[in-house]
$ cat model-v9.cif   # mmCIF, C-alpha atoms and all ligand atoms
data_run
#
loop_
_atom_site.label_atom_id
_atom_site.label_comp_id
_atom_site.auth_asym_id
_atom_site.auth_seq_id
_atom_site.Cartn_x
_atom_site.Cartn_y
_atom_site.Cartn_z
CA MET A 23 151.55 125.30 70.91
CA ASN A 24 151.91 128.30 68.58
CA LEU A 25 155.51 129.14 67.71
CA TYR A 26 154.71 132.83 68.05
CA TYR A 27 152.61 135.10 70.18
CA ASN A 28 150.59 137.45 68.00
CA LYS A 29 153.23 139.21 65.88
CA SER A 30 151.07 142.20 65.04
CA GLU A 31 152.21 145.33 63.23
CA ARG A 32 152.48 147.31 66.45
CA VAL A 33 154.95 144.86 67.97
CA THR A 34 157.13 144.74 64.87
CA VAL A 35 160.53 146.25 65.56
CA GLU A 36 161.14 149.16 63.18
CA ARG A 37 164.36 150.68 64.48
CA HIS A 38 167.15 148.11 63.91
CA SER A 39 164.59 145.67 62.57
CA GLU A 40 167.32 143.02 62.27
CA ARG A 41 167.33 142.86 66.08
CA GLY A 42 163.64 141.93 66.29
CA VAL A 43 162.93 138.36 67.37
CA TYR A 44 159.41 136.99 67.60
CA ASP A 45 159.58 133.27 68.29
CA ARG A 46 158.05 132.18 71.56
CA GLU A 47 161.09 130.22 72.65
CA THR A 48 163.23 133.38 72.67
CA ILE A 49 160.53 135.56 74.19
CA ASP A 50 159.75 133.03 76.92
CA SER A 51 163.44 132.48 77.72
CA ILE A 52 163.90 136.23 78.31
CA LEU A 53 160.73 136.45 80.39
CA ASP A 54 161.86 133.44 82.42
CA GLU A 55 165.37 134.76 83.05
CA GLY A 56 164.19 138.09 84.43
CA PHE A 57 162.15 138.78 87.53
CA VAL A 58 161.70 142.57 87.42
CA ALA A 59 159.37 144.02 84.80
CA HIS A 60 158.33 147.57 84.03
CA LEU A 61 154.58 147.73 83.79
CA GLY A 62 153.01 150.62 81.93
CA ILE A 63 149.44 151.86 82.21
CA VAL A 64 147.57 155.04 81.36
CA SER A 65 145.61 156.41 84.33
CA ASP A 66 143.48 159.53 83.83
CA GLY A 67 145.38 160.25 80.63
CA GLN A 68 148.78 160.08 82.31
CA PRO A 69 151.16 157.18 81.51
CA PHE A 70 152.85 155.54 84.50
CA VAL A 71 155.58 152.91 84.15
CA LEU A 72 156.44 151.17 87.41
CA PRO A 73 158.79 148.30 88.30
CA VAL A 74 157.20 145.08 89.58
CA LEU A 75 158.11 141.47 90.29
CA TYR A 76 156.40 139.02 87.97
CA ALA A 77 156.20 135.41 86.88
CA ARG A 78 155.40 133.89 83.51
CA ASP A 79 153.08 130.92 83.39
CA GLY A 80 152.35 129.75 79.85
CA ASN A 81 150.64 132.62 78.01
CA SER A 82 150.16 134.64 81.18
CA ILE A 83 152.15 136.89 83.42
CA TYR A 84 151.28 137.24 87.10
CA VAL A 85 151.87 140.38 89.13
CA HIS A 86 150.85 140.98 92.71
CA GLY A 87 150.68 143.73 95.31
CA SER A 88 148.47 145.73 97.61
CA PRO A 89 144.76 145.91 96.81
CA LEU A 90 145.22 149.68 97.33
CA SER A 91 147.74 149.91 94.47
CA ARG A 92 146.63 152.22 91.68
CA LEU A 93 148.81 150.25 89.29
CA LEU A 94 147.25 146.87 90.10
CA GLY A 95 143.73 148.26 90.28
CA THR A 96 144.11 149.77 86.84
CA VAL A 97 145.73 146.66 85.37
CA ALA A 98 142.95 144.48 86.82
CA SER A 99 140.26 146.52 85.07
CA SER A 100 140.98 145.02 81.64
CA VAL A 101 142.69 148.14 80.29
CA PRO A 102 145.49 147.64 77.75
CA VAL A 103 148.89 147.36 79.43
CA CYS A 104 152.48 147.26 78.23
CA LEU A 105 155.02 145.19 80.18
CA THR A 106 158.75 145.29 79.44
CA VAL A 107 161.52 143.00 80.69
CA THR A 108 165.15 143.96 80.10
CA LEU A 109 168.29 141.87 80.54
CA VAL A 110 171.53 143.82 80.13
CA ASP A 111 174.25 141.47 78.89
CA GLY A 112 177.12 143.90 78.47
CA LEU A 113 178.47 147.34 77.73
CA VAL A 114 179.57 148.11 74.21
CA LEU A 115 182.38 150.65 74.27
CA ALA A 116 183.09 152.22 70.92
CA ARG A 117 185.84 154.58 69.81
CA SER A 118 183.26 157.30 69.23
CA ALA A 119 180.78 158.40 71.88
CA PHE A 120 178.03 158.14 69.27
CA LYS A 121 178.49 154.41 68.72
CA HIS A 122 178.44 153.38 72.38
CA SER A 123 175.72 150.86 73.10
CA VAL A 124 174.70 147.93 75.29
CA ASN A 125 174.16 144.30 74.51
CA TYR A 126 170.75 143.26 75.69
CA ARG A 127 167.75 141.02 75.41
CA SER A 128 164.42 142.68 76.01
CA VAL A 129 160.76 141.84 75.59
CA VAL A 130 157.74 144.05 75.12
CA VAL A 131 154.37 142.47 75.92
CA LEU A 132 151.01 144.02 75.11
CA GLY A 133 148.07 142.51 76.91
CA ASP A 134 145.24 143.05 79.30
CA GLY A 135 144.82 142.14 82.91
CA SER A 136 142.20 140.57 85.12
CA GLU A 137 142.15 140.02 88.87
CA ILE A 138 142.52 136.46 90.11
CA THR A 139 140.05 135.98 92.97
CA GLU A 140 139.80 132.19 93.37
CA ALA A 141 142.00 131.21 96.34
CA GLY A 142 143.62 128.16 94.69
CA ARG A 143 144.59 130.09 91.54
CA LYS A 144 145.85 132.95 93.69
CA GLN A 145 148.06 130.59 95.71
CA HIS A 146 149.39 129.09 92.48
CA ALA A 147 150.20 132.50 90.99
CA LEU A 148 151.95 133.67 94.16
CA ARG A 149 154.05 130.50 94.29
CA ARG A 150 155.08 131.17 90.70
CA VAL A 151 156.14 134.73 91.57
CA VAL A 152 158.24 133.49 94.53
CA ASP A 153 159.85 130.79 92.39
CA GLN A 154 160.56 133.18 89.50
CA VAL A 155 162.79 135.16 91.88
CA VAL A 156 164.32 132.16 93.69
CA ARG A 157 163.65 128.82 92.02
CA GLY A 158 162.38 126.23 94.50
CA ARG A 159 161.82 128.71 97.32
CA SER A 160 158.04 128.24 97.60
CA GLU A 161 158.57 124.60 98.70
CA ASP A 162 160.51 125.70 101.79
CA VAL A 163 158.38 128.50 103.20
CA ARG A 164 154.94 128.95 104.73
CA GLY A 165 152.40 129.90 102.08
CA PRO A 166 150.02 132.83 102.57
CA SER A 167 147.29 132.52 105.23
CA ASP A 168 143.69 133.38 104.35
CA GLY A 169 144.25 136.87 105.78
CA GLU A 170 147.46 137.38 103.83
CA LEU A 171 145.78 136.12 100.69
CA LYS A 172 142.94 138.63 101.17
CA ALA A 173 145.50 141.40 101.67
CA THR A 174 147.17 140.59 98.34
CA GLU A 175 145.81 141.43 94.93
CA VAL A 176 146.93 139.12 92.16
CA VAL A 177 146.52 140.07 88.53
CA GLU A 178 146.95 137.91 85.47
CA ILE A 179 148.08 139.62 82.28
CA ALA A 180 147.24 137.65 79.16
CA ILE A 181 150.08 137.98 76.65
CA ARG A 182 148.23 139.12 73.51
CA GLU A 183 151.17 140.42 71.44
CA ALA A 184 154.90 140.26 72.10
CA SER A 185 158.26 141.09 70.59
CA ALA A 186 161.85 140.59 71.63
CA LYS A 187 164.80 142.74 70.64
CA VAL A 188 168.32 141.39 70.97
CA ARG A 189 171.65 143.14 70.48
CA THR A 190 174.87 141.16 70.52
CA GLY A 191 178.39 141.78 69.33
CA PRO A 192 181.09 144.44 69.18
CA PRO A 193 180.85 148.21 68.69
CA LEU A 194 180.06 149.37 65.18
CA ASP A 195 182.67 152.07 64.69
CA SER A 196 183.29 153.48 61.23
CA ALA A 197 186.47 152.41 59.41
CA LYS A 198 187.95 155.86 60.11
CA ASP A 199 187.20 155.70 63.85
CA ARG A 200 188.66 152.19 64.11
CA LYS A 201 192.10 153.81 63.77
CA LEU A 202 191.58 155.94 66.93
CA ALA A 203 193.65 155.06 70.02
CA ALA A 204 190.68 154.67 72.45
CA TRP A 205 190.03 151.20 73.92
CA ALA A 206 187.03 149.57 72.29
CA GLY A 207 185.17 146.33 72.83
CA GLU A 208 182.55 144.59 74.90
CA LEU A 209 182.39 144.43 78.69
CA PRO A 210 180.09 141.49 79.55
CA LEU A 211 177.85 141.97 82.60
CA ARG A 212 176.05 139.30 84.58
CA VAL A 213 174.02 138.95 87.76
CA VAL A 214 176.08 137.49 90.62
CA SER A 215 175.03 137.08 94.23
CA GLY A 216 177.22 137.98 97.20
CA ASP A 217 177.76 135.88 100.32
CA PRO A 218 174.46 135.13 102.09
CA ILE A 219 173.89 137.06 105.35
CA PRO A 220 171.75 134.90 107.70
CA ASP A 221 168.96 136.66 109.54
CA ALA A 222 169.15 136.83 113.37
CA ASP A 223 167.85 133.56 114.93
CA CYS A 224 168.29 131.69 111.65
CA GLU A 225 170.00 128.40 112.44
CA VAL A 226 169.23 126.69 109.15
CA GLU A 227 172.02 126.06 106.68
CA PRO A 228 171.49 128.06 103.48
CA PRO A 229 170.02 125.89 100.73
CA ASP A 230 171.69 125.43 97.34
CA TYR A 231 169.43 127.97 95.71
CA VAL A 232 170.88 130.58 98.10
CA VAL A 233 174.53 129.46 98.10
CA ALA A 234 174.67 128.99 94.35
CA TYR A 235 172.08 131.53 93.21
CA THR A 236 172.16 132.11 89.48
CA ARG A 237 169.84 133.58 86.94
C1 LIG B 301 168.93 148.32 77.92
C2 LIG B 301 168.44 149.05 76.69
C3 LIG B 301 168.86 150.34 76.48
C4 LIG B 301 168.43 151.06 75.37
N1 LIG B 301 168.82 152.35 75.23
C5 LIG B 301 168.31 153.10 74.24
C6 LIG B 301 168.60 154.48 74.14
O1 LIG B 301 169.34 155.05 74.96
N2 LIG B 301 168.05 155.19 73.13
C7 LIG B 301 167.22 154.61 72.23
O2 LIG B 301 166.72 155.30 71.33
N3 LIG B 301 166.93 153.30 72.29
C8 LIG B 301 167.44 152.53 73.27
N4 LIG B 301 167.12 151.21 73.35
C9 LIG B 301 166.29 150.64 72.30
C10 LIG B 301 164.81 151.00 72.56
O3 LIG B 301 164.28 150.03 73.46
C11 LIG B 301 163.97 150.99 71.29
O4 LIG B 301 164.06 149.74 70.66
C12 LIG B 301 164.40 152.11 70.32
O5 LIG B 301 164.46 153.36 70.98
C13 LIG B 301 163.43 152.21 69.16
O6 LIG B 301 162.23 152.79 69.63
P1 LIG B 301 161.02 152.96 68.62
O7 LIG B 301 159.88 153.56 69.37
O8 LIG B 301 161.50 153.61 67.36
O9 LIG B 301 160.68 151.44 68.36
P2 LIG B 301 159.99 150.74 67.17
O10 LIG B 301 160.99 149.88 66.49
O11 LIG B 301 159.16 151.70 66.37
O12 LIG B 301 159.00 149.83 68.04
C14 LIG B 301 157.98 149.07 67.40
C15 LIG B 301 157.70 147.87 68.25
O13 LIG B 301 158.92 147.10 68.31
C16 LIG B 301 159.01 146.47 69.57
N5 LIG B 301 160.22 146.93 70.27
C17 LIG B 301 160.86 148.11 70.17
N6 LIG B 301 161.92 148.17 71.02
C18 LIG B 301 161.93 146.99 71.67
C19 LIG B 301 162.75 146.44 72.66
N7 LIG B 301 163.80 147.12 73.17
N8 LIG B 301 162.48 145.18 73.11
C20 LIG B 301 161.44 144.46 72.62
N9 LIG B 301 160.62 144.93 71.66
C21 LIG B 301 160.86 146.18 71.20
C22 LIG B 301 157.79 146.87 70.37
O14 LIG B 301 156.80 145.84 70.26
C23 LIG B 301 157.35 148.14 69.70
O15 LIG B 301 155.99 148.38 69.88
C24 LIG B 301 167.55 150.45 74.43
C25 LIG B 301 167.14 149.13 74.65
C26 LIG B 301 167.57 148.44 75.77
C27 LIG B 301 167.07 147.05 75.99
#
$ encode --input "model-v9.cif" --output "structure tokens" --more "lines below"
Ligand SMILES: Cc1cc2nc3c(=O)[nH]c(=O)nc-3n(C[C@H](O)[C@H](O)[C@H](O)COP(=O)(O)OP(=O)(O)OC[C@H]3O[C@@H](n4cnc5c(N)ncnc54)[C@H](O)[C@@H]3O)c2cc1C
Amino acid sequence: MNLYYNKSERVTVERHSERGVYDRETIDSILDEGFVAHLGIVSDGQPFVLPVLYARDGNSIYVHGSPLSRLLGTVASSVPVCLTVTLVDGLVLARSAFKHSVNYRSVVVLGDGSEITEAGRKQHALRRVVDQVVRGRSEDVRGPSDGELKATEVVEIAIREASAKVRTGPPLDSAKDRKLAAWAGELPLRVVSGDPIPDADCEVEPPDYVVAYTR
């Protein structure tokens, strides 16, 4: 397997180039930790960037939705797309407003999409999307019926080029500002789940992936 996706000029990080990361292991780990992506297309000359659930499977990303969706219809027609995944790891509070920042890991993918029509591949892609959100969930639930499958469009985006950008560490105040009395430092953030709320008529004990949900 290649160690990198295509590290082309247009996915080379210019601003804070030291934060650019291009190895597949890093890119895939960010894509695998997230489950919400922002998918960008140009439709009739107008850019639209919309949030979607997704799953990564090797060199591909699956997205799904209504066959009536403009977003999916456009993505399926082989036009170039840009998909971004962002993980916010913390707030970076500096002594100057200017130097405030966030610690993050993000990925930008450039690729093109095609509709998956074969029922077996569609089922596979949909299971991957369910499991990207809650690992192991697809084993426990009824899969889509033929009618539900027909009512769902599934699009595969081939990852053609990709970059990651990662910021870690403390605020970067100037030596002069470091003498100011304002609190400064990092405030780590993470995704935590609350207590599960069983649906009415649900008499099944919550499984581990619900009770101990982590990303
Ligand atoms: C949570 C978060 C908040 C941010 N807030 C701001 C903000 O308020 N203002 C601001 O200016 N910037 C912010 N950034 C950084 C922003 O994403 C861009 O990296 C930055 O604005 C530089 O843009 P540019 O067009 O000059 O990028 P360039 O460096 O010219 O981009 C060239 C290529 O580098 C890659 N690249 C650029 N940025 C990223 C990225 N974030 N992740 C993965 N690949 C990337 C892409 O492939 C892109 O095509 C934020 C990033 C994150 C993750």
$ residues_around --input "model-v9.cif" --residues "Ser136 in chain A" --least-positions-apart "4" --cutoff "10 Å" --atoms "all atoms listed in the file" --output "ChimeraX atom specification"
/A:84,94-101,176-180
$ closest_residue --input "model-v9.cif" --among "A:Arg92, A:Arg127, A:Arg182, A:Lys198" --to "ligand LIG 301 (chain B)" --atoms "only C-alpha atoms and all ligand atoms"
A:Arg127
$ closest_residue --input "model-v9.cif" --among "A:Gln68, A:Ser160, A:Gln154, A:Ser185" --to "ligand LIG 301 (chain B)" --atoms "all atoms listed in the file"
A:Ser185
$ closest_residue --input "model-v9.cif" --among "A:Cys104, A:Val130, A:Ala186, A:Val110" --to "Asp45 in chain A" --atoms "all atoms listed in the file"
A:Ala186
$ residues_near_ligand --input "model-v9.cif" --ligand "ligand LIG 301 (chain B)" --cutoff "12 Å" --atoms "only C-alpha atoms and all ligand atoms" --output "PyMOL selection string"
chain A and resi 27-44+48-49+52-53+60+103-114+120-133+182-190+211
